[in-house]
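Trainee: My structure file data_9.cif, mmCIF, C-alpha atoms, is below:
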data_query
#
loop_
_atom_site.label_atom_id
_atom_site.label_comp_id
_atom_site.auth_asym_id
_atom_site.auth_seq_id
_atom_site.Cartn_x
_atom_site.Cartn_y
_atom_site.Cartn_z
CA GLY A 28 3.60 0.24 -10.99
CA VAL A 29 4.32 2.88 -13.62
CA LEU A 30 8.09 2.44 -13.21
CA TRP A 31 7.81 -1.33 -13.53
CA PHE A 32 5.49 -1.13 -16.55
CA TRP A 33 7.80 1.31 -18.31
CA GLY A 34 10.83 -0.89 -17.65
CA ARG A 35 9.07 -4.03 -18.82
CA GLN A 36 7.92 -2.40 -22.05
CA LYS A 37 11.34 -0.92 -22.78
CA PHE A 38 13.62 -3.79 -21.78
CA HIS A 39 11.33 -6.82 -22.35
CA TRP A 40 12.30 -8.54 -19.11
CA PRO A 41 11.61 -12.28 -18.79
CA GLU A 42 8.44 -12.99 -16.79
CA LEU A 43 10.02 -14.26 -13.55
CA LEU A 44 12.64 -11.52 -13.55
CA SER A 45 9.88 -9.01 -14.24
CA LEU A 46 7.92 -10.22 -11.20
CA TRP A 47 10.97 -9.96 -8.93
CA LEU A 48 11.61 -6.44 -10.17
CA MET A 49 7.98 -5.50 -9.59
CA ALA A 50 8.23 -6.77 -6.01
CA LEU A 51 11.43 -4.84 -5.25
CA ILE A 52 10.25 -1.64 -6.92
CA THR A 53 7.00 -1.84 -4.92
CA ILE A 54 8.89 -2.36 -1.66
CA LEU A 55 11.25 0.55 -2.30
CA CYS A 56 8.45 2.89 -3.39
CA GLU A 57 6.50 2.02 -0.23
CA ALA A 58 9.58 2.59 1.92
CA TYR A 59 10.57 5.94 0.42
CA SER A 60 7.19 7.50 -0.33
CA LEU A 61 6.71 10.80 1.50
CA THR A 62 4.03 10.61 4.21
CA VAL A 63 3.40 12.47 7.46
CA PHE A 64 2.94 9.23 9.40
CA ASP A 65 5.54 6.78 8.12
CA TRP A 66 3.35 3.69 8.50
CA ASN A 67 4.41 0.35 7.03
CA PHE A 68 3.08 -3.20 6.94
CA GLY A 69 5.46 -4.42 9.64
CA TYR A 70 3.54 -2.62 12.37
CA SER A 71 0.44 -4.67 11.58
CA TRP A 72 2.07 -7.78 13.05
CA TYR A 73 2.74 -5.92 16.30
CA GLY A 74 -0.78 -4.52 16.51
CA ALA A 75 -2.16 -8.03 15.98
CA SER A 76 0.25 -9.51 18.59
CA ILE A 77 1.56 -12.05 16.07
CA PRO A 78 5.02 -13.17 17.34
CA VAL A 79 6.76 -12.64 14.00
CA TYR A 80 7.15 -8.98 15.05
CA GLN A 81 9.95 -10.03 17.44
CA TRP A 82 12.27 -10.26 14.41
CA ALA A 83 12.24 -6.46 14.35
CA GLU A 84 15.29 -6.54 16.62
CA PHE A 85 17.18 -7.85 13.57
CA ILE A 86 15.60 -6.09 10.59
CA GLY A 87 13.37 -3.41 12.09
CA PHE A 88 9.70 -2.97 11.30
CA SER A 89 10.68 -1.57 7.91
CA GLY A 90 12.40 -4.88 7.20
CA LEU A 91 9.32 -6.78 8.35
CA SER A 92 7.27 -4.63 5.99
CA ALA A 93 9.60 -5.46 3.10
CA ALA A 94 9.41 -9.17 3.92
CA THR A 95 5.61 -8.99 4.12
CA LEU A 96 5.37 -7.41 0.68
CA LEU A 97 7.94 -9.80 -0.76
CA CYS A 98 5.91 -12.80 0.43
CA ASN A 99 3.22 -11.81 -2.03
CA LEU A 100 5.48 -12.94 -4.88
CA PRO A 101 5.62 -16.66 -3.99
CA LEU A 102 1.92 -16.52 -3.06
CA TYR A 103 1.18 -15.13 -6.51
CA LEU A 104 3.26 -17.87 -8.12
CA ALA A 105 1.43 -20.46 -6.00
CA TRP A 106 -1.89 -19.08 -7.24
CA GLN A 107 -0.71 -19.11 -10.84
CA GLN A 108 0.28 -22.77 -10.47
CA ARG A 109 -2.53 -23.75 -8.10
CA LYS A 110 -3.61 -26.69 -10.25
CA GLN A 111 -0.09 -28.05 -10.41
CA ARG A 112 1.97 -29.80 -7.76
CA SER A 113 4.55 -26.99 -7.85
CA GLY A 114 1.93 -24.46 -6.77
CA LYS A 115 1.00 -26.54 -3.73
CA ILE A 116 4.68 -26.93 -2.81
CA ILE A 117 5.26 -23.17 -3.02
CA PHE A 118 2.21 -22.44 -0.86
CA ALA A 119 3.23 -25.07 1.70
CA ALA A 120 6.75 -23.60 1.82
CA VAL A 121 5.39 -20.09 2.50
CA LEU A 122 3.04 -21.38 5.20
CA THR A 123 5.80 -23.44 6.82
CA GLY A 124 8.16 -20.48 6.75
CA PHE A 125 5.54 -18.26 8.40
CA ILE A 126 4.95 -20.80 11.16
CA LEU A 127 8.69 -21.20 11.76
CA LEU A 128 9.19 -17.43 11.90
CA ASN A 129 6.47 -17.15 14.54
CA LEU A 130 7.98 -19.96 16.58
CA GLY A 131 11.29 -18.16 16.24
CA GLY A 132 9.61 -14.98 17.47
CA LEU A 133 8.46 -16.76 20.62
CA TRP A 134 12.00 -18.04 21.13
CA LEU A 135 13.46 -14.54 20.66
CA LYS A 136 11.15 -13.21 23.35
CA ALA A 137 12.01 -16.06 25.73
CA ARG A 138 15.77 -15.58 25.29
CA LEU A 139 15.77 -11.93 26.35
CA PRO A 140 17.97 -11.32 29.41
CA GLU A 141 16.24 -10.76 32.73
CA PRO A 142 16.09 -7.05 33.63
CA ASP A 143 18.47 -6.09 36.42
CA ALA A 144 16.62 -2.99 37.67
CA LYS A 145 13.16 -1.44 37.84
CA PHE A 146 11.48 1.87 38.54
CA LYS A 147 7.98 3.19 39.18
CA THR A 148 6.54 5.93 37.05
CA LEU A 149 3.25 7.77 37.29
CA LEU A 150 1.70 8.73 33.94
CA ILE A 151 -0.73 11.65 34.07
CA GLN A 152 -3.26 12.14 31.28
CA ALA A 153 -5.15 15.36 31.99
CA SER A 154 -7.40 15.33 28.88
CA ILE A 155 -7.31 19.09 28.33
CA PRO A 156 -9.49 20.24 25.38
CA ASN A 157 -7.58 21.73 22.46
CA SER A 158 -9.58 24.95 22.67
CA GLU A 159 -8.24 25.54 26.19
CA LYS A 160 -4.67 24.60 25.26
CA MET A 161 -4.73 26.94 22.27
CA ALA A 162 -6.14 29.78 24.37
CA ALA A 163 -3.35 29.30 26.92
CA GLU A 164 -0.67 29.25 24.21
CA LEU A 165 -2.05 32.47 22.73
CA GLY A 166 -2.18 34.18 26.12
CA GLU A 167 -5.96 34.30 26.16
CA GLY A 168 -6.54 32.61 29.50
CA TYR A 169 -6.87 29.05 30.82
CA THR A 170 -3.18 28.74 31.80
CA GLN A 171 -3.95 28.80 35.52
CA GLU A 172 -6.93 26.46 35.12
CA ILE A 173 -4.94 23.92 33.09
CA ILE A 174 -2.13 23.89 35.64
CA ARG A 175 -4.61 23.58 38.50
CA ARG A 176 -6.33 20.59 36.91
CA ILE A 177 -3.19 18.64 36.06
CA MET A 178 -1.73 19.32 39.51
CA ALA A 179 -4.96 18.18 41.18
CA LEU A 180 -4.97 14.98 39.11
CA THR A 181 -1.32 14.36 39.98
CA ASP A 182 -1.93 15.07 43.66
CA ASP A 183 -4.84 12.62 43.80
CA ALA A 184 -2.73 9.93 42.11
CA VAL A 185 0.21 10.48 44.47
CA SER A 186 -2.14 10.23 47.45
CA GLN A 187 -3.70 7.08 46.05
CA HIS A 188 -0.26 5.47 45.72
CA LYS A 189 1.23 6.93 48.91
CA ASP A 190 2.63 3.53 49.89
CA SER A 191 4.60 3.27 46.63
CA LYS A 192 7.90 4.96 45.97
CA ILE A 193 7.32 6.87 42.75
CA ASP A 194 10.62 7.56 40.99
CA PHE A 195 9.15 10.17 38.66
CA ALA A 196 5.88 11.28 37.08
CA MET A 197 5.27 12.15 33.44
CA TRP A 198 3.04 14.84 31.93
CA PRO A 199 2.24 15.00 28.19
CA GLU A 200 3.49 17.24 25.39
CA THR A 201 3.11 20.95 26.35
CA ALA A 202 1.09 19.88 29.42
CA PHE A 203 2.69 22.78 31.30
CA PRO A 204 1.29 25.49 29.02
CA THR A 205 3.91 28.16 29.52
CA LEU A 206 7.67 28.75 29.49
CA LEU A 207 10.11 26.69 31.57
CA GLY A 208 13.88 26.81 32.00
CA ALA A 209 16.52 28.74 33.91
CA GLU A 210 15.55 32.02 32.28
CA PHE A 211 11.99 31.76 33.63
CA ARG A 212 12.52 30.04 36.98
CA HIS A 213 11.36 33.08 38.95
CA LYS A 214 8.14 33.53 36.97
CA GLU A 215 4.80 32.80 38.63
CA TYR A 216 3.93 29.44 37.12
CA PRO A 217 7.42 27.86 37.17
CA VAL A 218 7.66 28.84 40.86
CA LEU A 219 4.26 27.24 41.47
CA LEU A 220 5.35 24.03 39.74
CA SER A 221 8.64 23.93 41.62
CA GLN A 222 6.87 24.31 44.97
CA PHE A 223 4.31 21.64 44.04
CA LEU A 224 7.04 19.10 43.29
CA ARG A 225 9.17 20.03 46.29
CA ASP A 226 6.27 19.62 48.70
CA ARG A 227 5.63 16.11 47.38
CA GLN A 228 9.27 15.11 46.80
CA LEU A 229 8.22 14.19 43.27
CA ALA A 230 10.39 14.30 40.15
CA LEU A 231 8.66 15.10 36.88
CA VAL A 232 9.19 14.79 33.13
CA THR A 233 6.89 17.27 31.42
CA GLY A 234 6.24 18.89 28.10
CA ALA A 235 6.42 22.70 28.17
CA PHE A 236 7.65 25.60 26.09
CA GLY A 237 11.23 26.82 25.96
CA VAL A 238 13.13 29.51 24.09
CA ASP A 239 15.95 28.88 21.64
CA GLU A 240 18.91 30.96 22.81
CA LYS A 241 20.16 31.74 19.31
CA SER A 242 16.96 32.56 17.41
CA ARG A 243 14.78 33.50 20.42
CA LEU A 244 11.99 31.44 18.89
CA ILE A 245 9.71 29.31 21.03
CA THR A 246 10.51 25.59 21.29
CA ASN A 247 8.27 22.60 21.95
CA SER A 248 10.32 21.05 24.73
CA LEU A 249 10.59 18.29 27.28
CA PHE A 250 11.96 19.07 30.75
CA LEU A 251 13.09 16.96 33.69
CA LEU A 252 12.55 18.50 37.13
CA ASP A 253 14.03 16.76 40.17
CA ASP A 254 12.25 16.06 43.45
CA GLN A 255 13.22 19.53 44.67
CA GLY A 256 11.44 21.13 41.74
CA GLU A 257 14.64 22.22 39.99
CA VAL A 258 15.05 21.87 36.23
CA VAL A 259 17.76 19.33 35.39
CA GLU A 260 19.59 20.60 32.32
CA PRO A 261 19.93 20.03 29.49
CA HIS A 262 16.29 19.90 28.48
CA TYR A 263 15.25 18.58 25.07
CA SER A 264 13.51 20.52 22.29
CA LYS A 265 11.57 18.87 19.50
CA THR A 266 13.60 18.52 16.31
CA ILE A 267 11.29 16.87 13.79
CA LEU A 268 8.60 19.53 13.59
CA LEU A 269 5.15 19.00 12.10
CA ALA A 270 4.72 20.75 8.75
CA PHE A 271 1.98 23.40 8.75
CA GLY A 272 1.56 22.95 12.49
CA GLU A 273 4.93 23.90 13.93
CA TYR A 274 6.61 25.35 10.86
CA ILE A 275 5.85 26.36 7.28
CA PRO A 276 7.89 24.52 4.63
CA PHE A 277 10.24 26.83 2.67
CA ALA A 278 9.33 29.82 4.88
CA ASP A 279 13.02 30.38 5.71
CA THR A 280 13.77 30.71 2.00
CA PHE A 281 10.61 32.64 1.17
CA PRO A 282 9.62 34.59 4.34
CA VAL A 283 6.71 36.20 2.52
CA ILE A 284 4.82 32.90 2.92
CA ARG A 285 4.31 33.70 6.61
CA LYS A 286 2.24 36.75 5.69
CA PHE A 287 -0.33 34.49 4.07
CA LEU A 288 -0.34 31.91 6.89
CA PRO A 289 0.03 33.92 10.12
CA GLU A 290 -1.87 31.38 12.25
CA ILE A 291 0.75 28.65 11.81
CA GLY A 292 3.35 28.38 14.55
CA GLN A 293 7.00 29.08 13.99
CA TYR A 294 9.04 26.95 16.36
CA ALA A 295 12.80 26.59 16.59
CA ARG A 296 14.19 23.12 15.93
CA GLY A 297 15.95 21.22 18.67
CA PRO A 298 19.39 19.57 18.49
CA GLY A 299 18.18 16.14 17.47
CA PRO A 300 18.72 12.95 19.47
CA THR A 301 21.82 14.26 21.22
CA VAL A 302 20.43 14.66 24.74
CA LEU A 303 19.72 12.17 27.54
CA PHE A 304 18.00 12.93 30.84
CA ASP A 305 20.72 11.59 33.14
CA TRP A 306 19.48 11.69 36.73
CA LYS A 307 19.93 9.40 39.76
CA GLY A 308 21.24 6.58 37.60
CA PHE A 309 18.41 6.82 35.08
CA LYS A 310 19.34 7.50 31.47
CA MET A 311 16.16 8.52 29.68
CA GLY A 312 15.98 9.03 25.93
CA PRO A 313 13.56 11.95 25.33
CA GLN A 314 11.43 12.34 22.24
CA ILE A 315 8.29 14.32 21.47
CA CYS A 316 5.22 13.20 19.54
CA TYR A 317 5.89 11.66 16.15
CA GLU A 318 9.69 11.70 16.47
CA SER A 319 9.06 8.14 17.66
CA LEU A 320 8.04 7.19 14.13
CA PHE A 321 11.61 7.52 12.85
CA PRO A 322 13.72 4.49 13.87
CA LYS A 323 17.01 6.33 13.39
CA PHE A 324 16.01 8.88 16.02
CA SER A 325 15.50 6.15 18.64
CA ARG A 326 18.62 4.35 17.42
CA ASP A 327 20.70 7.45 18.13
CA LEU A 328 19.22 7.64 21.64
CA ALA A 329 20.08 3.97 22.17
CA ASN A 330 23.63 4.63 20.94
CA LEU A 331 23.91 7.40 23.53
CA GLY A 332 23.16 4.81 26.21
CA ALA A 333 19.46 5.40 26.87
CA GLN A 334 18.08 2.74 29.21
CA PHE A 335 14.52 3.54 28.20
CA ILE A 336 12.65 6.02 26.02
CA VAL A 337 10.25 8.68 27.30
CA ASN A 338 7.76 9.98 24.75
CA ALA A 339 5.34 12.86 25.35
CA THR A 340 2.52 13.29 22.84
CA ASN A 341 -0.72 15.13 22.16
CA ASP A 342 -2.95 13.09 19.83
CA SER A 343 -6.15 14.95 20.70
CA TRP A 344 -6.36 16.54 17.24
CA TYR A 345 -7.17 13.20 15.60
CA GLY A 346 -10.19 11.95 17.54
CA THR A 347 -10.53 8.35 18.69
CA TRP A 348 -10.62 6.40 15.42
CA GLN A 349 -7.48 4.75 14.04
CA GLU A 350 -4.78 7.37 14.64
CA PRO A 351 -4.35 6.98 18.43
CA TYR A 352 -3.89 3.22 18.01
CA GLN A 353 -1.69 3.58 14.93
CA HIS A 354 0.54 6.18 16.56
CA MET A 355 0.77 4.16 19.77
CA TYR A 356 1.98 0.96 18.12
CA MET A 357 4.42 2.83 15.91
CA THR A 358 5.89 4.50 19.01
CA LEU A 359 6.06 1.33 21.09
CA ALA A 360 7.66 -0.55 18.18
CA ARG A 361 10.94 1.24 18.86
CA GLY A 362 11.16 -0.71 22.11
CA VAL A 363 11.22 -4.00 20.19
CA GLU A 364 13.78 -2.80 17.66
CA PHE A 365 16.22 -1.64 20.33
CA ARG A 366 15.04 -3.78 23.29
CA ARG A 367 14.34 -0.93 25.67
CA PRO A 368 11.11 0.01 27.49
CA VAL A 369 9.09 2.87 26.01
CA LEU A 370 7.02 5.18 28.22
CA ARG A 371 4.31 7.05 26.33
CA VAL A 372 2.15 9.73 27.93
CA THR A 373 -0.48 11.64 25.96
CA ASN A 374 -2.98 14.42 26.59
CA THR A 375 -6.11 12.43 25.72
CA GLY A 376 -4.83 8.87 25.19
CA ILE A 377 -3.51 6.36 24.60
CA SER A 378 -0.95 6.51 27.44
CA THR A 379 0.88 3.29 28.27
CA VAL A 380 4.21 1.52 28.72
CA ALA A 381 5.76 -1.18 26.54
CA LEU A 382 8.53 -3.41 27.83
CA ALA A 383 11.65 -4.45 25.94
CA SER A 384 9.86 -7.69 25.01
CA GLY A 385 7.16 -5.72 23.21
CA GLU A 386 4.57 -6.49 25.89
CA VAL A 387 2.15 -3.58 26.20
CA LEU A 388 0.97 -2.83 29.73
CA GLU A 389 -2.28 -1.15 30.77
CA GLN A 390 -3.62 1.28 28.18
CA SER A 391 -5.38 4.44 29.28
CA PRO A 392 -8.94 5.25 28.18
CA MET A 393 -9.31 8.01 25.60
CA ASN A 394 -10.68 11.49 26.29
CA THR A 395 -10.68 10.83 30.03
CA ALA A 396 -8.65 12.37 32.84
CA TRP A 397 -6.60 9.43 34.08
CA ALA A 398 -3.47 8.48 36.02
CA GLY A 399 -1.61 5.18 35.99
CA LEU A 400 1.27 3.82 38.06
CA TYR A 401 3.65 1.44 36.30
CA GLU A 402 6.50 -0.69 37.59
CA VAL A 403 8.92 -0.95 34.70
CA PRO A 404 11.78 -3.49 34.59
CA TYR A 405 14.78 -2.46 32.52
CA MET A 406 18.48 -3.13 31.90
CA LYS A 407 21.01 -0.74 33.39
CA ASN A 408 23.35 -1.41 30.48
CA PRO A 409 21.23 -2.71 27.60
CA GLN A 410 23.06 -4.45 24.79
CA ALA A 411 22.84 -3.14 21.25
CA THR A 412 20.52 -5.14 19.01
CA PHE A 413 21.53 -6.44 15.58
CA TYR A 414 19.26 -3.82 14.00
CA GLN A 415 20.93 -1.10 16.02
CA GLU A 416 24.40 -2.10 14.82
CA TRP A 417 23.42 -2.97 11.22
CA PHE A 418 20.77 -0.31 10.72
CA TRP A 419 21.37 0.14 6.98
CA LEU A 420 21.58 -3.55 6.10
CA VAL A 421 18.01 -4.00 4.79
CA PRO A 422 18.03 -0.86 2.58
CA CYS A 423 21.42 -1.90 1.17
CA LEU A 424 20.14 -5.39 0.40
CA LEU A 425 17.03 -4.02 -1.29
CA TRP A 426 18.88 -1.49 -3.43
CA GLY A 427 21.63 -4.00 -4.14
CA GLY A 428 19.06 -6.62 -5.15
CA LEU A 429 17.36 -4.14 -7.48
CA ALA A 430 20.68 -3.20 -9.09
CA LEU A 431 21.61 -6.87 -9.56
CA LEU A 432 18.27 -7.71 -11.17
CA LEU A 433 18.55 -4.72 -13.50
CA VAL A 434 22.01 -5.89 -14.60
CA ILE A 435 20.67 -9.41 -15.17
CA GLY A 436 17.76 -7.92 -17.11
CA ALA A 437 20.14 -5.96 -19.32
CA TYR A 438 22.13 -9.10 -20.17
CA LYS A 439 19.02 -11.20 -20.76
CA ARG A 440 17.32 -8.59 -22.91
CA PRO A 441 16.16 -10.28 -26.13
CA THR A 442 17.72 -9.08 -29.34
CA LEU A 443 15.99 -8.69 -32.70
CA ASN A 444 17.53 -10.61 -35.61
CA SER A 445 17.93 -8.46 -38.68
CA ASN A 446 17.62 -9.95 -42.17
#
Output the file's structure in the form of structure tokens.

Mentor:
Amino acid sequence: GVLWFWGRQKFHWPELLSLWLMALITILCEAYSLTVFDWNFGYSWYGASIPVYQWAEFIGFSGLSAATLLCNLPLYLAWQQRKQRSGKIIFAAVLTGFILLNLGGLWLKARLPEPDAKFKTLLIQASIPNSEKMAAELGEGYTQEIIRRIMALTDDAVSQHKDSKIDFAMWPETAFPTLLGAEFRHKEYPVLLSQFLRDRQLALVTGAFGVDEKSRLITNSLFLLDDQGEVVEPHYSKTILLAFGEYIPFADTFPVIRKFLPEIGQYARGPGPTVLFDWKGFKMGPQICYESLFPKFSRDLANLGAQFIVNATNDSWYGTWQEPYQHMYMTLARGVEFRRPVLRVTNTGISTVALASGEVLEQSPMNTAWAGLYEVPYMKNPQATFYQEWFWLVPCLLWGGLALLLVIGAYKRPTLNSN
């Protein structure tokens, strides 16, 4: 608003041009404002199950957000001219366009190719209190108890579904509260986990801690263990770390900051979306927690050939109001943009699966120990979506439109006649 007001006062833009500039400046400021959770208005359509969200495979949810904001301009003009015939025509055009876009969304969903494969996955939500997880991470107990509880929950679920062939199970972010990897395979708890999986012929994707070989710092990682309990390398380590939770901004430049904030973790960054879990024909795209909020991250996994995305999260810090739902829909939205299923397992909820169509399957209860078996259809060789191939199209159009309007404004700037 300040930028637009300054420009209008300085350059004296014509009214209609001024309104267009206000709309584009608002859209760009919303898109590029710095936030921890990169929410936008496009996700609201998905959360409300309004079919217009299917267009995200062409313009992404950021593009839907831009279109949503831009629609306010003709609605404003319709209100300004509400007593005139032109105002009614503008409003009718917006309403008709919205209806057509929703009908188009239904058509986009119906035209999706039939999946040519499927798998069964068992999501395990242990609902471990943060106090116990923190104690285990700090070496102050609870490690054995946490492992016992999540193994017992998994064992009960496997027994309950003994007639189903489970391809793999999933545990949440840092659900295995100690170190995993080749370097630690002979330690007590990794041996216990390996034996547990081997006895049940169960493969597992789990969050755990690793160690960065170069820096020797701890990593927040995701591991795949096969049905013999062996770690399938490479594992994935979280790249987009949470500020003031997993790292301190500028601490590498000014190490003295760590002396004032010793409680904050110092994790090593992972390699980014450069790793797939490639096992028995499955190509899983791993991501941890809010890495799912960044479309480019999931796009890079799709470009690597990921057939589906596996996301491990711990949302327990945020309670049950708003954030678990917000984070869930933002994560599952990546499946619509790139037309791949998304598997999301959390510590306290909401754990679920979304299909390539955007359909959300059973959602877990919050703050409850729970296990759910899902049969997930998918494509062995999913095709790239328009958004995947033309990822930068919407930002280029927005910035290009702003530049064009500014040029027009410069040429149409009124001049003062001197006597």

Trainee: Would you work out the distance separating CA of Leu288 (chain A) from CA of Ala270 (chain A), expressed in Å to one decimal?

Mentor: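 Rounded to one decimal, the two atoms are 12.4 Å apart.
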
Trainee: Any idea what the distance is between CA of Thr148 (chain A) and CA of Leu224 (chain A)?

Mentor: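 Pair CA of Thr148 (chain A) / CA of Leu224 (chain A) returns 14.6 Å.
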
Trainee: Within 6 Å of region 248-261 of chain A, counting only C-alpha atoms, which residues show up once you throw out same-chain ones fewer than 2 positions away? Write them as a list in words, please.

Mentor: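 Using only C-alpha atoms, the neighbours found are Ser221, Leu224, Arg225, Gln228, Leu229, Ala230, Leu231, Val232, Thr233, Gly234, Ala235, Phe236, Gly237, Thr246, Tyr263, Ser264 and Lys265 of chain A.
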
Trainee: Keeping only C-alpha atoms, write the selected residues as a JSON list (two decimals), keeping the file's coordinate frame.

Mentor:
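Okay, this is what ended up in selection_7.json:
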[["chain", "number", "residue", "atom", "x", "y", "z"],
["A", 221, "SER", "CA", 8.64, 23.93, 41.62],
["A", 224, "LEU", "CA", 7.04, 19.10, 43.29],
["A", 225, "ARG", "CA", 9.17, 20.03, 46.29],
["A", 228, "GLN", "CA", 9.27, 15.11, 46.80],
["A", 229, "LEU", "CA", 8.22, 14.19, 43.27],
["A", 230, "ALA", "CA", 10.39, 14.30, 40.15],
["A", 231, "LEU", "CA", 8.66, 15.10, 36.88],
["A", 232, "VAL", "CA", 9.19, 14.79, 33.13],
["A", 233, "THR", "CA", 6.89, 17.27, 31.42],
["A", 234, "GLY", "CA", 6.24, 18.89, 28.10],
["A", 235, "ALA", "CA", 6.42, 22.70, 28.17],
["A", 236, "PHE", "CA", 7.65, 25.60, 26.09],
["A", 237, "GLY", "CA", 11.23, 26.82, 25.96],
["A", 246, "THR", "CA", 10.51, 25.59, 21.29],
["A", 263, "TYR", "CA", 15.25, 18.58, 25.07],
["A", 264, "SER", "CA", 13.51, 20.52, 22.29],
["A", 265, "LYS", "CA", 11.57, 18.87, 19.50]]

Trainee: Separation of CA of Ala339 (chain A) and CA of Glu402 (chain A), in Å?

Mentor: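 Computing it gives 18.3 Å between the two atoms.
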
Trainee: When the PyMOL selection byres ((chain A and resi 340) around 7) is applied to the file above, which residues end up in the set, as a list of chain:residue names?

Mentor: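 Checking the PyMOL selection byres ((chain A and resi 340) around 7) against this file, the residues are A:Pro199, A:Glu200, A:Ile315, A:Cys316, A:Asn338, A:Ala339, A:Asn341, A:Asp342, A:Val372, A:Thr373, A:Asn374.
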
Trainee: What would the file look like if the residues just selected were written as a PDB file, keeping the file's coordinate frame with C-alpha atoms?

Mentor:
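Saved the output as out-v9.pdb:
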ATOM      1  CA  PRO A 199       2.240  15.000  28.190  1.00  0.00           C
ATOM      2  CA  GLU A 200       3.490  17.240  25.390  1.00  0.00           C
ATOM      3  CA  ILE A 315       8.290  14.320  21.470  1.00  0.00           C
ATOM      4  CA  CYS A 316       5.220  13.200  19.540  1.00  0.00           C
ATOM      5  CA  ASN A 338       7.760   9.980  24.750  1.00  0.00           C
ATOM      6  CA  ALA A 339       5.340  12.860  25.350  1.00  0.00           C
ATOM      7  CA  ASN A 341      -0.720  15.130  22.160  1.00  0.00           C
ATOM      8  CA  ASP A 342      -2.950  13.090  19.830  1.00  0.00           C
ATOM      9  CA  VAL A 372       2.150   9.730  27.930  1.00  0.00           C
ATOM     10  CA  THR A 373      -0.480  11.640  25.960  1.00  0.00           C
ATOM     11  CA  ASN A 374      -2.980  14.420  26.590  1.00  0.00           C
TER      12      ASN A 374
END

Trainee: Please work out which residues fall within 12 Å of (18.8, 19.0, 18.2), coordinates as given in the file, with only C-alpha atoms counting, and return them as a list in words.

Mentor: Asp239, Thr246, Asn247, Ser248, Pro261, His262, Tyr263, Ser264, Lys265, Thr266, Ile267, Leu268, Ala295, Arg296, Gly297, Pro298, Gly299, Pro300, Thr301, Val302, Leu303, Pro313, Gln314, Ile315, Glu318, Phe324, Asp327 and Leu328 of chain A

Trainee: Which residues, written as a list in words, have at least one atom at most 9 Å from Gly74 (chain A), with all atoms listed in the file counted and residues fewer than 2 positions away on the same chain left out?

Mentor: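 Listed by chain and then number, they are Tyr70, Ser71, Trp72, Ser76, Ile77, Tyr352, Gln353 and Tyr356 of chain A.
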
Trainee: To verify the selection step, state as a PyMOL selection string which residues the PyMOL selection byres ((chain A and resi 145) around 9) yields on this input.

Mentor: chain A and resi 142-144+146-147+402-406

Trainee: Write out as number ranges by chain which residues come within 7 Å of Asn67 (chain A) when counting all atoms listed in the file, dropping same-chain ones fewer than 2 positions away.

Mentor: A: 65, 69-70, 89, 92

Trainee: Residues at most 12 Å from region 109-126 of chain A, counting all atoms listed in the file, excluding those fewer than 2 positions away in the same chain, as a ChimeraX atom specification?

Mentor: /A:72,77-80,94-95,97-107,128-133

Trainee: Enumerate, as a PyMOL selection string, the residues matched when the PyMOL selection byres ((chain A and resi 384) around 12) is run on the file above.

Mentor: chain A and resi 73+76+78+80-84+132-142+359-369+380-383+385-388+403-406

Trainee: Which is closer to Thr358 (chain A) than all the others in A:Phe211, A:Ile151, A:Phe88, A:Ala184, using only C-alpha atoms?

Mentor: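 Using only C-alpha atoms, Thr358 (chain A) sits closest to A:Phe88.
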
Trainee: Within 12 Å of (11.8, -13.3, -11.1), in the coordinates the file gives, what residues turn up when you count only C-alpha atoms, written out as a PyMOL selection string?

Mentor: chain A and resi 40-51+97+100-101+103-104+428-429+431-433+435-436

Trainee: Go ahead and write the selection's residues with C-alpha atoms as a CSV table (one decimal), in the frame of the given file.

Mentor:
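See again00.csv below for the written result:
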chain,number,residue,atom,x,y,z
A,40,TRP,CA,12.3,-8.5,-19.1
A,41,PRO,CA,11.6,-12.3,-18.8
A,42,GLU,CA,8.4,-13.0,-16.8
A,43,LEU,CA,10.0,-14.3,-13.6
A,44,LEU,CA,12.6,-11.5,-13.6
A,45,SER,CA,9.9,-9.0,-14.2
A,46,LEU,CA,7.9,-10.2,-11.2
A,47,TRP,CA,11.0,-10.0,-8.9
A,48,LEU,CA,11.6,-6.4,-10.2
A,49,MET,CA,8.0,-5.5,-9.6
A,50,ALA,CA,8.2,-6.8,-6.0
A,51,LEU,CA,11.4,-4.8,-5.2
A,97,LEU,CA,7.9,-9.8,-0.8
A,100,LEU,CA,5.5,-12.9,-4.9
A,101,PRO,CA,5.6,-16.7,-4.0
A,103,TYR,CA,1.2,-15.1,-6.5
A,104,LEU,CA,3.3,-17.9,-8.1
A,428,GLY,CA,19.1,-6.6,-5.2
A,429,LEU,CA,17.4,-4.1,-7.5
A,431,LEU,CA,21.6,-6.9,-9.6
A,432,LEU,CA,18.3,-7.7,-11.2
A,433,LEU,CA,18.6,-4.7,-13.5
A,435,ILE,CA,20.7,-9.4,-15.2
A,436,GLY,CA,17.8,-7.9,-17.1

Trainee: Which one is closest to Met357 (chain A): A:Leu206, A:Phe68, A:Thr280, A:Met161? Count only C-alpha atoms.

Mentor: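 Going through A:Leu206, A:Phe68, A:Thr280, A:Met161 one by one, the smallest distance to Met357 (chain A) is for A:Phe68.
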
Trainee: Tell me which of A:Phe271, A:Phe85, A:Phe281, A:Tyr59 sits closest to Gln415 (chain A), counting all atoms listed in the file.

Mentor: A:Phe85

Trainee: For each of A:Tyr294, A:Thr379, A:Val218, A:Phe203, take the minimum atom-to-atom distance to Ser242 (chain A), counting all atoms listed in the file, then give the residue where this is smallest.

Mentor: A:Tyr294
